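Here is the structure we will look at.
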Amino acid sequence: MFETARFESERRLAGSTVVALGLAAFATMMVLIAPGILDEFDVDALTESFPPALVEAMQLDVIATIEGFMALELYWFGWLLVLGVYVTYSAASTIAGDIDDGTMDTLLAAPVSRWHVLFEKFLALLTPILVVNVVVLVVVYAGTRFVGEPIAAVDLVAVHGLSIPYLLFWGAFGMVASVLAPHRQIAEGIAAGSLVATFLVETVADGTDIDWLGLLSPTRYYDPVAILTASEYDYAGAGVLLVAAAVLLVASGVLFARRDIQ
Amino acid sequence: MPSLDEQSTVGTMSVIHTDELTKYYGDVRGIEDLSFDVEAGEVFGFLGPNGAGKTTAIRTLMGFQSPTAGSATVLGSDITDGNALRTVRANVGYLPSEPGFNEAVTGRRLLEYHGSLRGDVRSDELLELFDPPLDRTVGAYSRGNKQMLAIIMAFMHDPDLLILDEPTSGLDPLKQEEFLEFIRAEQERGKTFFFSSHILSEVRKVCDRIGIIRAGKLVALEEVASLIDRSGKTVRANIAGSATVSEFDIDGAHDVTLSGGSAAADDATETNGGDDATSITFTYTGAYEPLLRHLLEYELLDLAIEEAPLEDVFMRFYGDHDPETAVEHVENGRGDRASETTDV
């Protein structure tokens with residue numbers, strides 16, 4: 001029990017560390033340049049120079065605070081997009097990749113069920129999710145205090161904690177792509193492409209006539225800007241993401257149990 | 001988990017039983033109507049050229065893909081019953097034709113991982129026979145080392161049934177011999193083997209019975225000894241004087257070739273056995289008496305009658321010249337055998 005989760009977690013550790021260090025370096029840079037930029041910001045001039053729809057979509061009105069700056073520059077881009085793509089891409093490569101290179105045959109020759117294999121490979125995605133979140137949380141907490149622009153610790157913990165349901169959703173989505181696609185690259189393309197597409201839809205649709213379309217986007221249910229600038233924690237949204245993740249995971253299990261491994 | 005002992009008390013249940021097992025990939029035939037049994041304690045050779053459907057059959061038996069039609073059981077479990085098959089796999093060792101591994105980890109870590117999944121009771125002992133460099137990452141392994149690692153994984157939990165897909169591929173000749181020796185020893189310990197191969201000489205060394213598969217269909221199923229019997233003899237005769245091919249068109253003679261004497265009249269100086277001798281070679285599948293009577297009509301200088309090489313037998317089943325006839329021949333032969341066995 002959980003041998004596969006352990007084995008896969010070990011294998012994810014190196015990649016997770018690289019992503020954590022990359023995002024930590026990016027976070028450090030943002031934290032260090034933040035005070036200088038914030039001093040010079042003229043929010044009114046900025047919001048006037050762009051169309052209102054764009055200001056709304058990019059949430060530019062909050063960028064003049066350290067919370068808003070970090071939410072937009074680091075979390076909105078780094079978490080919703082970069083880390084989300086990394087997690088869903090990793091998930092998509094699990095089953096499809098093992099089938100492509102014959103590893104799945106070696107694995108399924110053992111008395112393990114496909115449900116277990118799939119679930120434990122999903123569990124191993126917690127390695128990048130947790131490693132990156134913990135490392136960057138520490139870096140941002142310490143960094144903002146170092147430059148004299150501290151962000152409330154509770155909000156920081158919330159922005160990282162509530163990203164976990166969002167990332168688990170994309171992990172589960174990647175698992176579905178992984179069991180459905182005939183090859184690894186196709187699975188990875190479907191997973192990463194879907195994330196980018198829904199991200200763009202939510203960004204464009206927010207506050208417009210097609211706002212309802214954003215309801216389909218996972219981005220709608222995790223809002224780092226609201227968490228950091230207004231301390232609004234969307235627990236219901238997190239619940240929606242967790243339920244959706246569970247549904248996708250069960251669906252991928254059913255599909256995997258039935259499919260031929262060729 | 002049903003052990004072989006329990007099964008033998010149940011009755012005559014085969015270790016592997018297939019009944020018209022069929023697998024199509026879309027319109028492409030993988031295997032069709034495979035029906036055979038593998039009995040406890042035997043080494044069953046599953047013989048066929050690459051692409052004949054050996055791996056398809058094995059992967060269907062392992063439950064990796066579901067059959068299009070027909071049915072099969074492995075150690076009494078229906079191959080379409082995922083849970084039953086999973087339980088049974090604790091007692092099955094499987095060696096894939098192209099073993100795939102996570103290449104970024106060391107052989108040692110992989111053995112530890114797979115041992116934790118299926119149990120490890122004898123990897124130490126196996127590592128004395130098969131010795132891949134465990135501390136290197138598997139990505140740096142040669143094909144032979146990967147094969148040895150896969151062999152250890154197939155045997156490490158000491159299963160009763162071993163399903164081996166081209167197990168000697170990638171091994172150097174010495175290791176191949178050691179491996180075949182190992183299979184014989186394991187058979188004596190009561191293990192059952194389902195052994196696919198396209199190499200007759202190795203099958204002949206270890207297998208009790210063989211099934212020959214061609215284009216997805218089973219074209220022969222019999223004991224190795226009987227196959228060799230039925231495959232006939234190679235007859236080499238050296239006679240004085242000249243002869244023609246048509247003179248040897250006797251019942252049971254195939255592929256008659258002549259050399260020397262009249263057959264090479266323009267080049268008489270190069271004949272073997274004297275100025276006026278003819279060498280005749282053919283495969284013979286009849287009784288000895290008519291053959292000898294016919295040969296005695298000539299002045300025999302030399303005569304050798306020996307077992308036909310299994311490769312030639314194999315060629316008959318796959319005969320490039322006329323495969324349909326070859327299959328027909330085999331299927332008729334199989335019909336005869338079936339009636340013999342029902343008499344017993």
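Residue numbering restarts at 1 in every chain; chains get A, B, ... in the order shown in the structure tokens, and ligands count up from 1 in that same order.
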Notebook entry, point to check: Using only C-alpha atoms, which residues sit within 10 Å of A:Ser93 once same-chain residues fewer than 3 positions away are excluded, as a PyMOL selection string?
Noted result: chain A and resi 88-90+96-100+174-175+177-179+183-189+191
Residues of chain B within 8 Å of chain A, counting only C-alpha atoms, what are they? List them as number ranges by chain. B: 62, 64-66, 82-83, 86-90, 92-96, 98-102, 113-114, 116-118
**Polymer residues at most 8 Å from B:Lys23, only C-alpha atoms, same-chain spacing of 3 or more positions, as a list in words** = Arg29, Gly30, Ile31, Glu32, Thr56, Ala57, Thr60, Ser66, Pro67, Thr68 and Ala69 of chain B
So that I have them on file, write out the residues from the current selection with C-alpha atoms, as a compact mmCIF listing (two decimals), in the first residue's frame.
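Okay, this is what ended up in again-v4.txt:
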```
# COMPACT_ATOMS: atom_id res chain seq x y z
CA ARG B 29 -6.22 -9.12 -36.32
CA GLY B 30 -4.02 -9.69 -33.30
CA ILE B 31 -5.02 -13.24 -32.49
CA GLU B 32 -7.97 -15.31 -33.59
CA THR B 56 -0.91 -9.98 -28.17
CA ALA B 57 -1.89 -13.35 -26.73
CA THR B 60 -4.42 -10.45 -23.26
CA SER B 66 -9.62 -7.26 -23.07
CA PRO B 67 -10.35 -9.96 -25.62
CA THR B 68 -12.62 -9.15 -28.56
CA ALA B 69 -14.16 -12.61 -28.33
```
Please identify all polymer residues within 10 Å of A:Val85, counting only C-alpha atoms, omitting same-chain residues fewer than 6 positions from it, and present them as a PyMOL selection string.
-> chain A and resi 78-79+91+167+170-171+174+188+191-196
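Close contacts of B:Thr285, defined as residues with an atom at most 10 Å away when counting only C-alpha atoms, with chain neighbours fewer than 4 positions off set aside, comprise Asp229, Arg230, Ser231, Gly232, Lys233, Thr234, Asp251, Gly252, Ala253, His254, Leu291 and Ala308 of chain B.
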task = Show which residues sit within 10 Å of B:Lys146, as an MDAnalysis selection string. Count only C-alpha atoms, and ignore same-chain residues fewer than 5 positions away.
result = chainID B and resid 98:101 107 132:133 138:141 151:152 170:171
Margin query: Need the shell around A:Leu21: protein/DNA/RNA residues with any atom at most 10 Å away, counting only C-alpha atoms. Skip same-chain ones fewer than 5 positions apart. Format as a ChimeraX atom specification?
Written below: /A:15-16,26-27,131-132,135-136
Convert the current residue selection to file output with N, CA and C atoms, as a PDB file, in the first residue's frame.
```pdb
ATOM      1  N   GLY A  15      12.211  17.505  -9.834  1.00  0.00           N
ATOM      2  CA  GLY A  15      11.488  18.485 -10.654  1.00  0.00           C
ATOM      3  C   GLY A  15      10.784  19.511  -9.780  1.00  0.00           C
ATOM      4  N   SER A  16      10.200  19.030  -8.685  1.00  0.00           N
ATOM      5  CA  SER A  16       9.486  19.933  -7.780  1.00  0.00           C
ATOM      6  C   SER A  16      10.440  20.969  -7.205  1.00  0.00           C
ATOM      7  N   PHE A  26      11.796  34.010  -8.717  1.00  0.00           N
ATOM      8  CA  PHE A  26      10.901  35.006  -9.317  1.00  0.00           C
ATOM      9  C   PHE A  26      10.229  35.828  -8.210  1.00  0.00           C
ATOM     10  N   ALA A  27       9.769  35.132  -7.147  1.00  0.00           N
ATOM     11  CA  ALA A  27       9.121  35.815  -6.025  1.00  0.00           C
ATOM     12  C   ALA A  27      10.096  36.789  -5.368  1.00  0.00           C
ATOM     13  N   VAL A 131       5.717  21.125  -1.961  1.00  0.00           N
ATOM     14  CA  VAL A 131       7.079  21.660  -1.919  1.00  0.00           C
ATOM     15  C   VAL A 131       7.093  23.113  -2.414  1.00  0.00           C
ATOM     16  N   VAL A 132       6.471  23.360  -3.557  1.00  0.00           N
ATOM     17  CA  VAL A 132       6.498  24.708  -4.129  1.00  0.00           C
ATOM     18  C   VAL A 132       5.770  25.688  -3.218  1.00  0.00           C
ATOM     19  N   VAL A 135       7.905  26.387   0.052  1.00  0.00           N
ATOM     20  CA  VAL A 135       9.129  27.156  -0.203  1.00  0.00           C
ATOM     21  C   VAL A 135       8.789  28.614  -0.523  1.00  0.00           C
ATOM     22  N   VAL A 136       7.838  28.823  -1.420  1.00  0.00           N
ATOM     23  CA  VAL A 136       7.539  30.197  -1.835  1.00  0.00           C
ATOM     24  C   VAL A 136       6.825  30.968  -0.722  1.00  0.00           C
TER      25      VAL A 136
END
```
